[in-house]
Structure formats: C-alpha cells, structure tokens
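Visitor: Sending over a structure as structure tokens; questions will come in a sec.
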Amino acid sequence: MLRLETCRIMNGDYAVEADLEIAPGACVAVIGPSGAGKSTLVEAVAGFLPVTRGSILWNGAELTRQAPGKRPVAMLFQDGNLFPHLTVAQNVGLGLHANLRLSSAEWSRVDAALERVGLGGMGTRKPAALSGGQQSRVALARVLVQGRDILLLDEPFAALGPALKAEMLDLVAELARESGATVLMVSHDPNDARRIADQVVLVADGKAHPPEPAAELLDNPPPALKAYLGSA
Amino acid sequence: MAGRAQPVSAYPGISAALLVAALILGTLGAVAFRAEAGTGFGASDWAALRFTLTQASLSALLSVGLAIPVARALARRRFWGRSLLIALLGAPFILPVIVAILGLLAVFGRAGWLSLGLISLGLEPVQIYGLHGVVLAHVFFNLPLATRLILQGWQEIPAERFRLAAQLDAGPLAMWRLLEGPMLRRVAPGALAVVFAICLSSFAVALTLGGGPRATTIELAIYQAFRFDFDLGRAALLSGLQLLLTGAAALGALRVSAGEGFGAGLDRAVKRWDGQEALARGLDGFWIILSAAFLLLPLAAIVLAGLPGLAALKGSVWQAAGNSVLVAALSTVILLMLALPMAAAAAAGRAGMAELSGILGLAASPLVIGTGLFILIYPVADPFALALPVTALVNAVMALPFAMRILVPRAREVLGRYGRLSLSLDMQGWSFIRRVYLPRMRAQTGFAAGLAAALSMGDLGVVALFADPDFATLPLQIYRLMGAYRMEAAAGAALLLLMLSMGAFWILDRGGRWHAEA
C-alpha cells in the first residue's frame, strides 16, 4: 500500500498537501486543473521534490528520504524518456543496471521485454529511427525490466494521437495487470481516466484528495472537479 | 540546499573552480608580495598607463563606430556570400595575432600594398608603427566582434516591429527613433566595454607594432621590466596596476553587456521593408565591401606572401611548430578537465560559478599570471625548463571563460532533460557522466576544444616571458624571425601557423559533431 501521511510537498514557492492511501495494484488517475500540482504529487512520490512535512510509505517502509533511484518506483516523463545516443536495447538495459554492464542472461531479458512490447529485433536501432509510438514502447519495455512496484506516468503519451495514446494506455494497463504494479497516472483528459483507471485522485487548490472510484466520480463530479471538467 | 536532486555532483566542478581561482589569486598574491619592494611609479610607468588607456579607448570607439553601419548593412541586406561573410566575422577570434600582424604589415606596412599604391601616385608611404598601428590591429580584431554583438541586437528586434514600422510608413529618421536608436543604446555600451577590456591587456600587438617610450602598454612594460631589466619588483607593481585596470573593466563589461551568443541564428535575414532607396542600398554596399576587404586583404596577403616561404622552412621552425602542437594539445586537455566539471556544477545549480570564472578569466592577464608563476617557481625549479607546461596552463585558463559560455547552456539542457530520468534509473556519478553527460555534450565539447586549441596554438604571451633562446613556440619563432628582418621566412612560418590553428579548430569542432545525434 502507498501511503502519503499528512504530506506537504514544496515545488518552488507553492505547496501541495496530501493525506491519502492507494491500494496495491490499483490504477489511479491523477486529474485536476493545470498548475494545481498533479505533477508535483507524482514527482514527490518519485523523490524529485522535497517533502517538508509528513512521510511517504510503501508497505509500511519509509521512502521519504530515499534517493529517487533507490525507491521501488519507475517513472515515465512527458518527454526525454530515451537517450538518443544509446540504442534501443541499451535504453532498455539501463533499467537493469545504470552502468550497462549486463550479463548475457540480462541481455536476453532485455530482448524478451522488447518482444513483449512488440519491438522484437529492433534492439540495435537508435530511437530516432523509430516512430513516436515505438519510442513509447521502448520506454515501457524498460519499465518492464525495472520490475518496480510503483509505476508513475507524467503524461508520457501526450504527444501521440488519440488512437495511439489509447493503444499505449491499454498496453500500460495490461503490463501492470501482469506484474501487479501500482500505477499513478497524471492526466488532464477524463477519457484517459475512464479508459484504464479504477480510481481517481483529484488535485485542486493545493490539495490532493483521497482516491475515489473513477466511474462514479466522473459521472457525478463534486464542485471542484465539475469546474475543471466543464458542463459537457 | 532544498532544490531538486541532481545526478551529478557539483563538487568536482567547484574544486576545479577553486583551483583556477587559486592560480589567479595565488599568482596575484605572489606578485603583490614582491611589489612591496618596488620604488613606486616612474614617468615611463605613467606613460604606459596613459598609452594603454588611450589606445583601448580609440580602439573601442573606432571598432564600435565602424561596426554600427556594417552591422546595419548586414542586418538588412541579403546577398550572395552573406552567411559566409558572417561566419568569417568569427574567424579573427581564433586567428593568431602574429599572423594577422604580418598580414596587416603586408597591406598597410611601409612596403605594403597601400604604400606602393601611394608611392605610384607620387605620395608618401604610410607608417604603421606606433599608436595608429596598434589601433589598426585592434580594430582588425575587434571590428568583427563588435559587428557580431551589434548584429545580434538588430536580430533581436522582433520582425513584427519592422512590419509595424513599414505599416506606419516610417522613414529613416523615424526608424532610427523607433527601433534602431533604442536598440543601439542598449547594445553599444556593452560592445564598447568588451572591446575596451580586451584591448587593455593587449600584449602581442603592442610588442610587434608598438614599443618605445611612446607606444608601450602596461602588459608590454611588465614584459620589458621582467625580460630586459629582470626587475621583479617593478614587474609586480605594474602587474598590480594591470589587474586593477582589467578587473574594473571586466566588471564594467559584464554589467553592461548581455554576453555574446556564439550560437547560430546570426545569418538569419529579417524581412525588411525600409531602406530600399538607391542611396541606402549604395551606402550598405559600400560598408559591406569595405569591411570584407579590410578582413580579407590581410589574410590574402599572408597566403600570398607565405606560399614561397613555406617550401623553404628551416628545421627550427618545424621544431617550434612541434612545440606549439604540444602546447595546444596539453592546453586543450587541461581546459576540458577544468571546464567540463565546472559546466556540470554550474548546471547543477551553482550558477555563480559560471559568472565567477567569467570575471576571473576576463580580468586575468597572462603576463600577470606568468610573472606570478615565475616568482613562485623561481626558488624551487628552473622556470625556463617549464616553459611548455606553464604556457599550456595559462592558455587553458585564458580560454576558460569562452569554453564556459559554450558548455554551460548545453549542460543545463542535458541536466534539465535527462536529470530526472537518470535519477529514477539510479544512474548517478560516473555512470551518468560516461553514459549521458559526455555523449550529450560532445558537439559543444568539440567546439570548445577547437577554440582552446586554436587560441593556444597562436598565443604569443606568457611564452615570451618563459622561453629561453633554445625554446620557441611557432608564434614566438615568427616574432624572432621578424626581429631579424627575415620577413619571407616569417611569412612562410605564419602561413604554417595559420594552417595549424585553423586545422586544429576544424578537426576538433568537426570531430565533436561527427555522428552526433541531435
């Protein structure tokens, strides 16, 4: 279980407060107006922003002071998820060892992960030789070999077209179901939430609200969410 | 420090910066300690101060004054070879001073093309030695720099403003009042201050074209006190004065200037609707041709004069060339070992570092550092035996501010774009440096290394202090050949030096960009 206990997260000169729990294996969409602190919330879980009060716990273990790379967390960012000067296989292999000294068994795991996301045989290419959707698949293959308990998505598919984005979200849901990972997904599109999330965390006015079932919340939004979604 | 976590430690960079500061301030300390033994300023020292200020002011005024019409012409005309000419404006930066001086002598000297033309018209030949020669050489080096700075100001006027001005049917005077005047008031003081600061520490130009009681800069006076009289106290006193001057000028320049973009974009032509009448077109053409000729003729002269001498180069010249290549290579390695960690530290949140190194680098004078090093080394070792490493070290420090301007913006970009991803992959320290930082910095590293190698290859400064008669770098050997009136051999060696400098720059810059993914 992921717990944020009376957390106060600083991002420059504004703060986000969070006091909530997320069940293991849940797929949670983080939605809310832009600038409200959606990214701030997931960056704190990843360890990029300082938590000045409270603590973050995973299955009872304290994460608050751990370095980002030591947490049971994999994260995909809005852009820059791949290193353009490394091959596809190297980019995936970073998920096993950041220094890229991999045994042959580990390289086979990299190949298997690429196979799983539908990029078998493309390991020697550079990211520039792939389409946008394929690049996203490489990043997901790395998440797969990382095998972390928590997956954070900060709108990594925002630049893709609607059909491709839906395809990627389905792949994320599939991979998470297989591995049992807990997913936190920032989104400004309620359709993303409906598509794969079973719960929604609303971030508004500097506060992250506890998760609520996705369908009910979106069908029957409270005022803060209603203001964000509009009347449509 | 409650900022973002970073995958690379700032400490190696901070150590490098401290090392540089220790070198600059430590040598200054050594100099100051010796200076107490001095006997105060003599008449010749005041003359050196006066001459330094006079020539720097004149050089700055002329360079910037001429750069304004040239930059304006370049900003509003499009013609064949325009981007080549703009690229060429960057060349004097890596052109060895001694090569340019030989070129200027071939055009403006007593036996130069201009004098020959005047004589054939029955007039007197021109005289290049003295104040006007020094100023001429400084304008040759700094007119392109000032033009680039001011051109940047013109390019930064948004295209919409020109459209609006055209819509309002603004004539030349209105254009001036609305757009150009305010821009120049913002840009020109910075350009003046930068050129003034550069010319303050002029040594090689003054050494070759100045000299004598009426045309000696402080840098040259330091050299003479040191080399001819071996009066360390006086050299130290002059060094203190020089440091005060350059330090004040560097601070002034940093305050009023926005910093030169080495970056691309200067060859972009903004669409203009004004200045289409025949007079404006004629004037712009005049300035473009004049500036191109002023830049290209001395270079052409060097190539023409050097070609016959190139085949007959002596062994001593080749030996000096070998020394120069060694100095340049060593200097480039030292520079990169200082600048790459410093750029990482600056990008990881220690922004003050970049500025500090900029101020120190601009204020530092090679002759002052050289004097200080000599004083420090003298009791423990033979300074003349260390001429090569000392020259390489001082050259690296002098190239540092330029390298930082190239490296820091890119380092910021790399850390901004890949910092979080690397941290989340637990990629830190050496594996981040090897896998991400160095590969992503390659093109900029190559450019900085190219500049450093070319600058060091052509440097005629501290080596003049430290070299004994048996040791020479190529620029020093050329200077000695000129002193012996062996102008043909000097021209041949100068052409060799030109090829070595440009070649080193080209290879390193090209090597950095070779197969580098965007």
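Scheme for the structure tokens: letters A, B, ... for chains in order shown; per-chain residue numbers from 1; ligand numbers from 1 in order shown.
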Using the chain letters and numbers from this document, which residues of range 29-199 of chain A does DSSP assign to strand (DSSP E or B), as a PyMOL selection string?

Guide: chain A and resi 29-31+51-58+61-62+73-76+150-154+182-186+199

Visitor: For the structure I just gave you, how does DSSP split range 153-335 of chain B - specifically, which residues are alpha helix (DSSP H)? Reply as an MDAnalysis selection string.

Guide: chainID B and resid 153:155 159:167 172:175 181:200 204:209 218:227 232:256 278:310 315:335

Visitor: For Pro222 in chain A, please output as a VMD selection string all residues within 12 Å (counting only C-alpha atoms; exclusion window: fewer than 3 positions along the same chain).

Guide: chain A and resid 32 202 204 209 212 216 to 219 225 to 230

Visitor: Distance cut-off 12 Å, counting only C-alpha atoms - which residues of chain B neighbour chain A? Return them as a VMD selection string.

Guide: chain B and resid 1 to 7 413 to 442 515 to 518

Visitor: Emit the selected residues as a CSV table (one decimal), in the first residue's frame, including N, CA and C atoms.

Guide:
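That gives us result_16.csv:
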chain,number,residue,atom,x,y,z
B,1,MET,N,20.6,23.0,0.9
B,1,MET,CA,20.2,23.2,-0.5
B,1,MET,C,18.9,22.4,-0.7
B,2,ALA,N,17.7,23.1,-0.7
B,2,ALA,CA,16.5,22.4,-0.8
B,2,ALA,C,16.0,22.5,-2.3
B,3,GLY,N,16.8,22.2,-3.2
B,3,GLY,CA,16.4,22.2,-4.6
B,3,GLY,C,16.1,20.8,-5.1
B,4,ARG,N,16.1,20.7,-6.4
B,4,ARG,CA,15.9,19.4,-7.0
B,4,ARG,C,17.2,18.6,-6.8
B,5,ALA,N,17.0,17.3,-6.7
B,5,ALA,CA,18.2,16.4,-6.7
B,5,ALA,C,18.8,16.4,-8.1
B,6,GLN,N,20.1,16.2,-8.2
B,6,GLN,CA,20.8,16.1,-9.5
B,6,GLN,C,21.7,14.9,-9.6
B,7,PRO,N,21.8,14.3,-10.8
B,7,PRO,CA,22.5,13.1,-10.9
B,7,PRO,C,24.0,13.2,-10.9
B,413,GLU,N,20.8,22.2,-20.4
B,413,GLU,CA,19.8,21.5,-21.2
B,413,GLU,C,19.8,20.0,-20.9
B,414,VAL,N,21.1,19.4,-20.8
B,414,VAL,CA,21.2,18.0,-20.6
B,414,VAL,C,20.7,17.6,-19.2
B,415,LEU,N,21.0,18.4,-18.2
B,415,LEU,CA,20.6,18.0,-16.9
B,415,LEU,C,19.1,18.2,-16.7
B,416,GLY,N,18.6,19.3,-17.4
B,416,GLY,CA,17.1,19.6,-17.3
B,416,GLY,C,16.3,18.5,-18.0
B,417,ARG,N,16.8,18.0,-19.1
B,417,ARG,CA,16.1,17.0,-19.9
B,417,ARG,C,16.2,15.6,-19.4
B,418,TYR,N,17.4,15.2,-19.0
B,418,TYR,CA,17.7,13.8,-18.6
B,418,TYR,C,18.0,13.6,-17.1
B,419,GLY,N,18.0,14.7,-16.3
B,419,GLY,CA,18.4,14.6,-14.9
B,419,GLY,C,17.4,13.6,-14.2
B,420,ARG,N,16.1,13.9,-14.3
B,420,ARG,CA,15.2,13.1,-13.5
B,420,ARG,C,15.2,11.7,-14.0
B,421,LEU,N,15.2,11.5,-15.3
B,421,LEU,CA,15.2,10.1,-15.8
B,421,LEU,C,16.4,9.3,-15.3
B,422,SER,N,17.5,10.0,-15.3
B,422,SER,CA,18.8,9.3,-14.9
B,422,SER,C,18.7,9.0,-13.4
B,423,LEU,N,18.1,9.9,-12.6
B,423,LEU,CA,18.0,9.7,-11.2
B,423,LEU,C,17.0,8.5,-10.9
B,424,SER,N,15.9,8.5,-11.7
B,424,SER,CA,15.0,7.4,-11.4
B,424,SER,C,15.5,6.1,-11.9
B,425,LEU,N,16.5,6.0,-12.7
B,425,LEU,CA,17.2,4.8,-13.1
B,425,LEU,C,18.4,4.5,-12.2
B,426,ASP,N,18.6,5.4,-11.2
B,426,ASP,CA,19.7,5.2,-10.3
B,426,ASP,C,21.0,5.4,-11.0
B,427,MET,N,21.0,6.2,-12.1
B,427,MET,CA,22.2,6.4,-12.8
B,427,MET,C,22.8,7.7,-12.3
B,428,GLN,N,23.9,7.6,-11.5
B,428,GLN,CA,24.5,8.8,-10.9
B,428,GLN,C,26.0,8.8,-11.0
B,429,GLY,N,26.6,9.9,-10.7
B,429,GLY,CA,28.1,10.0,-10.7
B,429,GLY,C,28.7,9.6,-12.0
B,430,TRP,N,29.7,8.7,-11.9
B,430,TRP,CA,30.5,8.4,-13.1
B,430,TRP,C,29.6,7.8,-14.2
B,431,SER,N,28.7,6.9,-13.8
B,431,SER,CA,27.9,6.2,-14.9
B,431,SER,C,27.0,7.3,-15.6
B,432,PHE,N,26.6,8.3,-14.9
B,432,PHE,CA,25.8,9.4,-15.6
B,432,PHE,C,26.8,10.2,-16.5
B,433,ILE,N,27.9,10.5,-16.0
B,433,ILE,CA,28.9,11.3,-16.7
B,433,ILE,C,29.3,10.5,-18.0
B,434,ARG,N,29.5,9.2,-17.9
B,434,ARG,CA,30.0,8.5,-19.0
B,434,ARG,C,28.9,8.2,-20.0
B,435,ARG,N,27.7,7.8,-19.5
B,435,ARG,CA,26.6,7.4,-20.4
B,435,ARG,C,25.8,8.5,-20.9
B,436,VAL,N,25.7,9.6,-20.2
B,436,VAL,CA,24.8,10.7,-20.6
B,436,VAL,C,25.5,12.0,-20.8
B,437,TYR,N,26.2,12.5,-19.8
B,437,TYR,CA,26.7,13.9,-19.8
B,437,TYR,C,27.7,14.0,-21.0
B,438,LEU,N,28.8,13.2,-21.0
B,438,LEU,CA,29.8,13.4,-22.0
B,438,LEU,C,29.3,13.2,-23.4
B,439,PRO,N,28.5,12.1,-23.7
B,439,PRO,CA,28.0,11.9,-25.0
B,439,PRO,C,27.0,13.0,-25.5
B,440,ARG,N,26.2,13.5,-24.6
B,440,ARG,CA,25.3,14.6,-24.9
B,440,ARG,C,26.0,15.9,-25.1
B,441,MET,N,27.2,16.1,-24.5
B,441,MET,CA,27.9,17.4,-24.6
B,441,MET,C,28.9,17.3,-25.7
B,442,ARG,N,28.9,16.3,-26.5
B,442,ARG,CA,30.1,16.1,-27.4
B,442,ARG,C,30.3,17.2,-28.4
B,515,HIS,N,28.7,12.3,-36.4
B,515,HIS,CA,27.8,11.2,-35.9
B,515,HIS,C,27.1,11.6,-34.6
B,516,ALA,N,27.0,12.8,-34.3
B,516,ALA,CA,26.4,13.2,-33.0
B,516,ALA,C,24.9,13.3,-33.3
B,517,GLU,N,24.1,12.5,-32.6
B,517,GLU,CA,22.6,12.6,-32.7
B,517,GLU,C,22.1,13.9,-32.0
B,518,ALA,N,21.2,14.5,-32.7
B,518,ALA,CA,20.7,15.8,-32.1
B,518,ALA,C,20.3,15.7,-30.7

Visitor: Could you check which of A:Lys207, A:Arg177, A:Arg137, A:Arg109 is closest to Ile9 in chain A, using only C-alpha atoms?

Guide: A:Lys207

Visitor: Report as a PyMOL selection string all protein, DNA and RNA residues lying within 6 Å of range 365-372 of chain B, evaluated on only C-alpha atoms, omitting residues in the same chain fewer than 2 positions from it.

Guide: chain B and resi 27+30-31+239+374-375+462

Visitor: What is the distance between CA of Ala235 in chain B and CA of Tyr223 in chain B, in Å to one decimal?

Guide: 7.4 Å

Visitor: Which is closest to Leu400 in chain B among B:Ala16, B:Val8, B:Leu95, B:Ala385, if we use only C-alpha atoms?

Guide: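 Checking each candidate against Leu400 in chain B, we get B:Ala16 as the closest.
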
Visitor: Mind pulling up the distance from CA of Pro341 in chain B to CA of Ser9 in chain B?

Guide: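 Distance reported for this atom pair: 9.0 Å.
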
Visitor: Can you pull out every residue within 10 Å of range 447-455 of chain B, counting only C-alpha atoms, but drop anything in the same chain fewer than 4 positions away, and send it as a ChimeraX atom specification?

Guide: /B:93-97,324-336,339,392,395-400,402-407,442-443,459-460,497-498,500-513
